[in-house]
Amino acid sequence: MRRQLFWTAAIVAAIGTWVRVATADAADQPRAFVGARIIPIEGEEIPEGVLLVEGKRIAAVGPVGDVELPEGTEEVDVSGRVIMPGLICTHSHIGGIGGADGSGPIQPGVRIYDSLNVHDSGFKRAVAGGLTTLNIMPGSGHLISGQTIYVKLRFGETLPRRIDDLFIFDEDGRPTGGLKMANGTNSMRDPPFPGTRGKSAFLVREQYIKAREYQAKITRAAGDGSKLPPRDLHLEALVEAMQGRRIVHHHTHRHDDIMTVIRLSREFGFRVVLHHVSEGWKVADEIAAAGVPCSVIVIDSPGGKLEALNMQLETGGVLERAGARVAFHTDDWITDSRVFLRSPALAMRAGMSRQAGLESVTLAGAEMLDLQDRIGSLAAGKDADFVILSGDPFSVYTQVLETWVEGQRVFDRSDPQDRLYAEGGYGAGHDQEPYLCCYDESQQEAAQ
Amino acid sequence: MIAHRPLCRTATRPWICALQCVVAAAALFSSSVQAQIAVRGKTVYTMAGDPVEDGVVVVEDGKIVAIGAAPQINVPDGYEVLEAEVVTPGLIDAHSAVGLTGILNYDHDQDQLERSQAMQPELRAVDAYNPHEELIDWVRSFGVTTMHTGHAPGELISGQTFVVKTTGNTVEDATVVEAMAVAVSLGPLAEKEGGKSPGTRGKMMSMLRAELIRAQEYAAKQAAATEDEESETTPARDLRLEALSRVLDGELKLMITANRAQDIASALRLAHEFNVTLWLDGAAEAYLLIDEIKAADVPVIIHPTMMRAFGERENLSYETAATLVHAGIPVALQSGYEAYVPKTRVVLFEAGVAAGHGLSFDEALATITIDAAKILGIDQRVGSLEIGKDGDLALYDGDPFEYTSHCVGVVIDGEVVSDVVR
């Protein structure tokens with residue numbers, strides 16, 4: 001496994017170097033976005049600001065006149081615009097996901113990224129909505145439906161060719177991601193799936209206990225290969241969750257299901273983010289007291305299934321006032337990434353504060369993915385992930401004009417192809433055309 | 001703009017100030033009580049001419065009796081006066097399934113699609129509508145006062161639609177037009193699996209044409225029999241053919257849900273062949289057939305702006321409403337039919353996003369008020385604030401389309417039916 005990791009890291013490093021060399025001139029020239037209203041998230045809004053980008057990172061943020069621009073800086077006039085951090089969606093299903101199958105309710109060994117199509121047009125719609133980082137997850141039809149993947153939407157000049165090009169690696173060179181779990185009605189089905197809530201919780205506890213024993217065996221073996229248990233990919237993922245290295249992203253709607261998640265997370269020590277949380281308003285104090293963050297869904301009406309019957313636009317605000325950390329998510333295809341800012345805006349309509357609304361799609365989301373040191377606010381040293389908006393983030397009339405990821409523009413509304421994905425229209429729903437460099441020539445050769 | 005401004009009422013007599021209670025009581029007994037009411041707005045969008053700044057609308061016995069700038073309008077003593085930043089006509093949802101498709105989404109509250117046969121134009125919406133359905137309250141709390149609802153897209157002919165106000169204890173109380181259209185779906189929506197018909201687009205059209213021809217023959221026999229009362233050739237009454245013959249004589253419209261351009265073309269072809277009044281519904285790729293739709297003089301009840309773009313709707317555009325309106329095609333927006341979550345959309349939100357993607361404010365508001373009323377043929381009663389029309393109004397504390405504005409009150413036939421701030 002070590003060797004595998006080494007090679008992965010080496011290849012990644014090599015690709016990184018190649019990309020850097022290939023684009024060194026363009027990417028390394030400092031670029032300053034001057035004159036926009038800047039919403040840095042951490043700290044006050046800057047009415048007329050400068051965002052200085054060097055390479056993949058933010059070099060400085062401040063009012064016009066306060067930021068010193070290095071020699072050779074390209075200045076971009078963005079006066080009248082609004083700049084905020086790239087949006088972070090803590091719960092997305094785009095990319096043609098295919099996680100766990102129908103063979104059983106608990107399949108933590110399944111990795112969602114083994115199913116993803118980087119050419120899926122969903123990614124292009126996401127950048128058109130100002131999204132820069134996603135947590136792509138398998139669905140909620142299982143108690144444990146597999147491992148999620150955190151991705152950066154690196155659709156810059158060098159287009160991604162496979163999903164791996166979007167990974168966010170940790171210090172050990174491993175792609176970062178969480179573990180998707182669910183309770184309530186979605187994961188209750190015919191056997192071997194559970195039929196009741198009691199059985200659901202039992203099946204989950206049973207597996208985590210197994211994982212604990214698995215881990216204990218590995219510890220006892222103390223590196224002696226003859227004593228190691230056979231490698232178990234399912235239990236391995238649960239061990240990672242219990243070690244805090246893989247955050248559990250837990251689908252849960254009803255108040256009692258929410259409390260069950262908190263109970264299980266305490267028993268097994270996994271870090272958890274509550275997702276959807278339709279009845280979170282009923283147990284907001286309990287959620288806040290448990291210190292568990294919430295990624296809330298906002299949809300246009302309650303119902304559609306029993307456990308979403310009491311969905312309220314007020315939930316985000318109620319949780320905020322109780323002291324819980326709140327993010328929103330698209331759940332794309334449930335809501336469209338292009339109108340992600342609508343979710344915090346509707347929550348604000350129902351009582352959430354503007355600051356919490358701003359953080360809910362940026363810094364709060366970053367925290368829920370353990371990425372707050374790299375993304376989620378505009379500050380020197382953080383990744384240069386940001387959006388340029390035509391107006392206030394929470395106005396229905398505002399358009400995303402540009403989206404930038406790690407110093408590269410990944411969406412430009414003035415580009416006709418990008419605009420097609422932003423607005424829709426003929427061809428917007430198809431996969432991107434793959435670039436087949438030698439198809440014509442090889443065909444001609446074959447003909448000769 | 002004042003955020004979170006509650007529905008503010010001033011009254012000519014102090015005791016009316018305990019209005020929350022009065023209004024609650026009025027709502028309980030709404031069928032018998034008709035309050036006299038005036039609505040004052042900093043901006044009143046009448047949808048019949050320019051907006052009126054500091055306008056007042058006076059509603060007496062359920063009908064609008066006066067409208068104009070506040071200084072020119074006399075509000076009689078004893079009238080309840082509501083105030084808001086913005087006042088619009090009550091919103092019209094030009095195509096919904098609310099009232100038939102219940103909030104729980106369990107079999108027992110889902111009456112929008114009868115799966116037993118591909119063609120059942122005889123199914124009446126009035127027999128399936130639940131006026132107590134919670135989603136009615138939900139859409140009403142955002143300003144929707146009139147809905148064209150009924151059997152949903154999803155079968156070749158799913159049944160009939162009708163028009164209701166979003167109030168009333170019984171379906172009879174709610175009904176505005178008892179039968180409006182026969183709902184047809186083309187493309188994958190109507191496709192059946194397992195060797196059942198229709199399995200292809202070609203078969204769909206052949207089935208529809210055959211059925212309409214049967215209806216033509218039925219109508220001809222009925223007409224002949226009416227002329228000759230002694231005739232023994234009077235055909236037995238057939239509710240299915242009767243419904244289609246009402247389509248043929250224009251009494252009912254043919255509403256065809258078609259999203260792909262080829263399905264839209266088929267709908268136009270069918271309407272031309274049988275000379276029926278067609279409403280195009282959904283019409284995701286309508287922008288590819290602007291000239292043809294214009295030439296056929298057909299209105300479009302366009303899909304919800306934020307409808308999910310996949311399958312036959314993968315090419316839908318946020319800008320289609322604007323494209324069609326600017327081409328001169330009559331357009332109304334709809335909440336549509338949702339099979340999962342959200343169980344219904346809200347036309348206010350859909351029009352808002354359309355206003356963010358090419359429609360002007362006035363054009364977007366028209367798609368959910370006067371233009372919708374004209375397409376549905378109910379503009380003599382609703383859709384604009386004019387003397388003689390129904391006292392249906394929606395009150396907002398700011399630009400109705402802004403995500404962070406609130407609907408602060410809804411009036412139907414002169415009754416306050418919602419004072420939730422939402």
# chains A, B, ... in the order shown; residues from 1 in each chain; ligands from 1
>>> select_by_dssp(residues="range 14-240 of chain A", states="alpha helix (DSSP H)", output="MDAnalysis selection string")
chainID A and resid 14:28 121:128 197:221 233:240
>>> residues_around(residues="Glu307 in chain A", least_positions_apart="5", cutoff="8 Å", atoms="only C-alpha atoms", output="mmCIF file with N, CA, C and O atoms, in the first residue's frame")
data_model
loop_
_atom_site.group_PDB
_atom_site.id
_atom_site.type_symbol
_atom_site.label_atom_id
_atom_site.label_comp_id
_atom_site.auth_asym_id
_atom_site.auth_seq_id
_atom_site.Cartn_x
_atom_site.Cartn_y
_atom_site.Cartn_z
ATOM 1 N N GLY A 184 -33.515 7.004 8.000
ATOM 2 C CA GLY A 184 -34.865 7.398 7.591
ATOM 3 C C GLY A 184 -35.341 6.544 6.437
ATOM 4 O O GLY A 184 -34.833 5.449 6.202
ATOM 5 N N THR A 185 -36.305 7.057 5.690
ATOM 6 C CA THR A 185 -37.048 6.197 4.760
ATOM 7 C C THR A 185 -36.282 5.819 3.493
ATOM 8 O O THR A 185 -36.555 4.778 2.918
ATOM 9 N N HIS A 253 -33.413 13.475 7.818
ATOM 10 C CA HIS A 253 -34.462 14.494 7.736
ATOM 11 C C HIS A 253 -35.200 14.683 9.064
ATOM 12 O O HIS A 253 -35.294 15.772 9.576
ATOM 13 N N ARG A 254 -35.740 13.589 9.602
ATOM 14 C CA ARG A 254 -36.686 13.714 10.710
ATOM 15 C C ARG A 254 -35.940 13.960 12.009
ATOM 16 O O ARG A 254 -34.813 13.495 12.192
ATOM 17 N N SER A 278 -34.232 18.438 7.431
ATOM 18 C CA SER A 278 -35.519 19.117 7.228
ATOM 19 C C SER A 278 -36.217 19.475 8.540
ATOM 20 O O SER A 278 -36.870 20.506 8.638
#
>>> interface_residues(of="chain B", to="chain A", cutoff="9 Å", atoms="only C-alpha atoms", output="PyMOL selection string")
chain B and resi 4+102-106+135+138-139+284-285+287-288+306-311+313-320+338-346+349+352-353+355-357+401-406+421-422
>>> residues_around(residues="Gln72 in chain B", least_positions_apart="3", cutoff="12 Å", atoms="only C-alpha atoms", output="PyMOL selection string")
chain B and resi 52+54-58+66-69+75
>>> residues_around(residues="Ser158 in chain B", least_positions_apart="6", cutoff="6 Å", atoms="only C-alpha atoms", output="ChimeraX atom specification")
/B:120,151,183
>>> residues_around(residues="Ile368 in chain B", least_positions_apart="6", cutoff="10 Å", atoms="only C-alpha atoms", output="mmCIF file with C-alpha atoms, in the first residue's frame")
data_model
loop_
_atom_site.group_PDB
_atom_site.id
_atom_site.type_symbol
_atom_site.label_atom_id
_atom_site.label_comp_id
_atom_site.auth_asym_id
_atom_site.auth_seq_id
_atom_site.Cartn_x
_atom_site.Cartn_y
_atom_site.Cartn_z
ATOM 1 C CA PRO B 89 -52.950 41.120 -9.119
ATOM 2 C CA GLY B 90 -53.314 37.714 -7.532
ATOM 3 C CA LEU B 91 -50.891 35.414 -9.342
ATOM 4 C CA ILE B 92 -52.071 32.840 -11.856
ATOM 5 C CA ASP B 93 -50.354 29.504 -12.205
ATOM 6 C CA ALA B 94 -51.042 28.556 -15.819
ATOM 7 C CA VAL B 144 -51.023 32.501 -6.148
ATOM 8 C CA THR B 146 -55.757 31.135 -9.447
ATOM 9 C CA VAL B 331 -46.458 32.989 -22.953
ATOM 10 C CA ALA B 332 -47.548 31.955 -19.495
ATOM 11 C CA LEU B 333 -45.373 30.394 -16.822
ATOM 12 C CA GLN B 334 -46.308 27.332 -14.845
ATOM 13 C CA VAL B 347 -44.723 30.384 -10.173
ATOM 14 C CA LEU B 348 -43.543 33.476 -8.318
ATOM 15 C CA GLU B 350 -40.111 30.725 -11.685
ATOM 16 C CA ALA B 351 -41.097 34.152 -12.994
ATOM 17 C CA GLY B 383 -55.158 38.732 -14.196
#
>>> atom_distance(atom1="CA of Ala366 in chain A", atom2="CA of Ala327 in chain A")
9.1 Å
>>> residues_around(residues="Ile375 in chain A", least_positions_apart="2", cutoff="8 Å", atoms="only C-alpha atoms", output="mmCIF file with N, CA and C atoms, in the first residue's frame")
data_model
loop_
_atom_site.group_PDB
_atom_site.id
_atom_site.type_symbol
_atom_site.label_atom_id
_atom_site.label_comp_id
_atom_site.auth_asym_id
_atom_site.auth_seq_id
_atom_site.Cartn_x
_atom_site.Cartn_y
_atom_site.Cartn_z
ATOM 1 N N PRO A 85 -15.714 34.556 -2.400
ATOM 2 C CA PRO A 85 -15.024 33.274 -2.598
ATOM 3 C C PRO A 85 -15.832 32.339 -3.491
ATOM 4 N N THR A 362 -19.715 29.198 1.667
ATOM 5 C CA THR A 362 -18.259 29.399 1.529
ATOM 6 C C THR A 362 -17.539 28.748 2.710
ATOM 7 N N LEU A 363 -17.269 29.555 3.732
ATOM 8 C CA LEU A 363 -16.420 29.085 4.822
ATOM 9 C C LEU A 363 -17.032 27.936 5.620
ATOM 10 N N ALA A 366 -16.554 24.898 3.706
ATOM 11 C CA ALA A 366 -15.143 24.483 3.748
ATOM 12 C C ALA A 366 -14.841 23.729 5.039
ATOM 13 N N LEU A 371 -11.514 21.724 4.837
ATOM 14 C CA LEU A 371 -10.682 22.446 3.869
ATOM 15 C C LEU A 371 -10.617 23.942 4.177
ATOM 16 N N GLN A 372 -10.976 24.314 5.400
ATOM 17 C CA GLN A 372 -11.068 25.745 5.724
ATOM 18 C C GLN A 372 -9.728 26.455 5.698
ATOM 19 N N ASP A 373 -8.620 25.711 5.768
ATOM 20 C CA ASP A 373 -7.316 26.370 5.690
ATOM 21 C C ASP A 373 -6.951 26.727 4.262
ATOM 22 N N SER A 377 -12.681 31.508 2.090
ATOM 23 C CA SER A 377 -12.646 32.954 2.307
ATOM 24 C C SER A 377 -11.539 33.524 1.427
ATOM 25 N N LEU A 378 -11.581 34.840 1.274
ATOM 26 C CA LEU A 378 -10.551 35.505 0.473
ATOM 27 C C LEU A 378 -9.515 36.066 1.435
ATOM 28 N N LYS A 382 -4.569 31.717 0.802
ATOM 29 C CA LYS A 382 -5.595 30.730 0.430
ATOM 30 C C LYS A 382 -5.645 30.543 -1.083
ATOM 31 N N ASP A 383 -6.271 29.464 -1.512
ATOM 32 C CA ASP A 383 -6.404 29.193 -2.944
ATOM 33 C C ASP A 383 -7.170 30.336 -3.616
ATOM 34 N N ASP A 385 -9.634 30.880 -5.418
ATOM 35 C CA ASP A 385 -10.935 30.396 -5.889
ATOM 36 C C ASP A 385 -11.949 31.510 -5.612
#
>>> residues_around(residues="Ala152 in chain B", least_positions_apart="6", cutoff="10 Å", atoms="only C-alpha atoms", output="MDAnalysis selection string")
chainID B and resid 95:98 100:101 111:114 158:161 183:185 257 336:339
>>> atom_distance(atom1="CA of His234 in chain A", atom2="CA of Phe268 in chain A")
15.8 Å
>>> select_by_dssp(residues="range 74-246 of chain B", states="strand (DSSP E)", output="ChimeraX atom specification")
/B:80-89,91-96,144-150,157-165,175-185
>>> atom_distance(atom1="CA of Thr167 in chain B", atom2="CA of Leu376 in chain B")
18.9 Å
>>> closest_residue(among="A:Val82, A:Val361, A:Ala60, A:Val410", to="Ile388 in chain A", atoms="only C-alpha atoms")
A:Val82
>>> decode(residues="range 113-193 of chain B", atoms="C-alpha atoms", output="PDB file, in the first residue's frame")
ATOM      1  CA  LEU B 113     -52.203  10.222 -13.157  1.00  0.00           C
ATOM      2  CA  GLU B 114     -54.432   7.214 -13.776  1.00  0.00           C
ATOM      3  CA  ARG B 115     -52.169   4.516 -15.181  1.00  0.00           C
ATOM      4  CA  SER B 116     -54.760   1.973 -16.312  1.00  0.00           C
ATOM      5  CA  GLN B 117     -55.050   3.212 -19.905  1.00  0.00           C
ATOM      6  CA  ALA B 118     -53.054   5.389 -22.237  1.00  0.00           C
ATOM      7  CA  MET B 119     -55.970   7.612 -23.251  1.00  0.00           C
ATOM      8  CA  GLN B 120     -58.620   8.764 -20.769  1.00  0.00           C
ATOM      9  CA  PRO B 121     -59.835  12.231 -21.768  1.00  0.00           C
ATOM     10  CA  GLU B 122     -63.046  11.503 -19.874  1.00  0.00           C
ATOM     11  CA  LEU B 123     -61.384  11.925 -16.458  1.00  0.00           C
ATOM     12  CA  ARG B 124     -62.580  15.207 -14.972  1.00  0.00           C
ATOM     13  CA  ALA B 125     -60.351  17.283 -12.750  1.00  0.00           C
ATOM     14  CA  VAL B 126     -63.326  18.429 -10.692  1.00  0.00           C
ATOM     15  CA  ASP B 127     -63.752  14.848  -9.455  1.00  0.00           C
ATOM     16  CA  ALA B 128     -60.132  14.604  -8.298  1.00  0.00           C
ATOM     17  CA  TYR B 129     -59.332  17.957  -6.730  1.00  0.00           C
ATOM     18  CA  ASN B 130     -58.804  18.183  -2.968  1.00  0.00           C
ATOM     19  CA  PRO B 131     -59.436  21.804  -1.909  1.00  0.00           C
ATOM     20  CA  HIS B 132     -57.911  21.090   1.524  1.00  0.00           C
ATOM     21  CA  GLU B 133     -54.573  19.948   0.108  1.00  0.00           C
ATOM     22  CA  GLU B 134     -51.746  21.639   2.042  1.00  0.00           C
ATOM     23  CA  LEU B 135     -49.773  22.601  -1.042  1.00  0.00           C
ATOM     24  CA  ILE B 136     -52.624  24.923  -2.033  1.00  0.00           C
ATOM     25  CA  ASP B 137     -51.949  26.935   1.130  1.00  0.00           C
ATOM     26  CA  TRP B 138     -48.246  26.876   0.344  1.00  0.00           C
ATOM     27  CA  VAL B 139     -48.490  28.346  -3.151  1.00  0.00           C
ATOM     28  CA  ARG B 140     -51.198  30.773  -2.026  1.00  0.00           C
ATOM     29  CA  SER B 141     -48.917  32.123   0.691  1.00  0.00           C
ATOM     30  CA  PHE B 142     -46.610  33.366  -2.094  1.00  0.00           C
ATOM     31  CA  GLY B 143     -49.463  35.140  -3.883  1.00  0.00           C
ATOM     32  CA  VAL B 144     -51.023  32.501  -6.148  1.00  0.00           C
ATOM     33  CA  THR B 145     -54.794  32.995  -6.260  1.00  0.00           C
ATOM     34  CA  THR B 146     -55.757  31.135  -9.447  1.00  0.00           C
ATOM     35  CA  MET B 147     -54.507  27.798 -10.744  1.00  0.00           C
ATOM     36  CA  HIS B 148     -55.077  25.904 -13.942  1.00  0.00           C
ATOM     37  CA  THR B 149     -54.667  22.410 -12.540  1.00  0.00           C
ATOM     38  CA  GLY B 150     -55.741  18.884 -13.187  1.00  0.00           C
ATOM     39  CA  HIS B 151     -54.451  15.668 -14.655  1.00  0.00           C
ATOM     40  CA  ALA B 152     -50.716  15.799 -15.088  1.00  0.00           C
ATOM     41  CA  PRO B 153     -48.413  15.082 -18.011  1.00  0.00           C
ATOM     42  CA  GLY B 154     -47.426  11.435 -18.037  1.00  0.00           C
ATOM     43  CA  GLU B 155     -49.943   9.555 -20.170  1.00  0.00           C
ATOM     44  CA  LEU B 156     -50.795   9.998 -23.842  1.00  0.00           C
ATOM     45  CA  ILE B 157     -54.118  11.524 -22.734  1.00  0.00           C
ATOM     46  CA  SER B 158     -54.115  11.795 -18.962  1.00  0.00           C
ATOM     47  CA  GLY B 159     -57.447  13.543 -18.496  1.00  0.00           C
ATOM     48  CA  GLN B 160     -58.969  16.969 -18.120  1.00  0.00           C
ATOM     49  CA  THR B 161     -57.872  20.133 -16.396  1.00  0.00           C
ATOM     50  CA  PHE B 162     -59.862  22.943 -14.813  1.00  0.00           C
ATOM     51  CA  VAL B 163     -59.397  26.343 -13.212  1.00  0.00           C
ATOM     52  CA  VAL B 164     -59.730  27.095  -9.507  1.00  0.00           C
ATOM     53  CA  LYS B 165     -59.183  29.836  -7.014  1.00  0.00           C
ATOM     54  CA  THR B 166     -56.821  28.765  -4.223  1.00  0.00           C
ATOM     55  CA  THR B 167     -59.579  28.962  -1.655  1.00  0.00           C
ATOM     56  CA  GLY B 168     -62.865  27.313  -0.838  1.00  0.00           C
ATOM     57  CA  ASN B 169     -64.069  24.511   1.371  1.00  0.00           C
ATOM     58  CA  THR B 170     -65.366  22.394  -1.496  1.00  0.00           C
ATOM     59  CA  VAL B 171     -64.292  22.009  -5.077  1.00  0.00           C
ATOM     60  CA  GLU B 172     -67.509  23.776  -6.044  1.00  0.00           C
ATOM     61  CA  ASP B 173     -66.419  26.819  -3.996  1.00  0.00           C
ATOM     62  CA  ALA B 174     -63.053  26.821  -5.705  1.00  0.00           C
ATOM     63  CA  THR B 175     -64.072  26.245  -9.297  1.00  0.00           C
ATOM     64  CA  VAL B 176     -63.720  29.031 -11.843  1.00  0.00           C
ATOM     65  CA  VAL B 177     -63.913  26.944 -15.026  1.00  0.00           C
ATOM     66  CA  GLU B 178     -65.186  23.402 -14.607  1.00  0.00           C
ATOM     67  CA  ALA B 179     -63.431  21.937 -17.643  1.00  0.00           C
ATOM     68  CA  MET B 180     -60.625  23.734 -19.429  1.00  0.00           C
ATOM     69  CA  ALA B 181     -58.440  21.408 -21.473  1.00  0.00           C
ATOM     70  CA  VAL B 182     -57.644  17.831 -22.308  1.00  0.00           C
ATOM     71  CA  ALA B 183     -54.058  17.035 -21.357  1.00  0.00           C
ATOM     72  CA  VAL B 184     -51.928  15.191 -23.889  1.00  0.00           C
ATOM     73  CA  SER B 185     -48.266  14.201 -23.498  1.00  0.00           C
ATOM     74  CA  LEU B 186     -45.856  13.345 -26.281  1.00  0.00           C
ATOM     75  CA  GLY B 187     -42.394  11.809 -26.167  1.00  0.00           C
ATOM     76  CA  PRO B 188     -40.935   9.721 -23.337  1.00  0.00           C
ATOM     77  CA  LEU B 189     -43.572  10.991 -20.883  1.00  0.00           C
ATOM     78  CA  ALA B 190     -46.268   9.031 -22.687  1.00  0.00           C
ATOM     79  CA  GLU B 191     -44.197   5.981 -23.525  1.00  0.00           C
ATOM     80  CA  LYS B 192     -45.181   2.621 -22.076  1.00  0.00           C
ATOM     81  CA  GLU B 193     -42.898  -0.336 -21.568  1.00  0.00           C
TER      82      GLU B 193
END
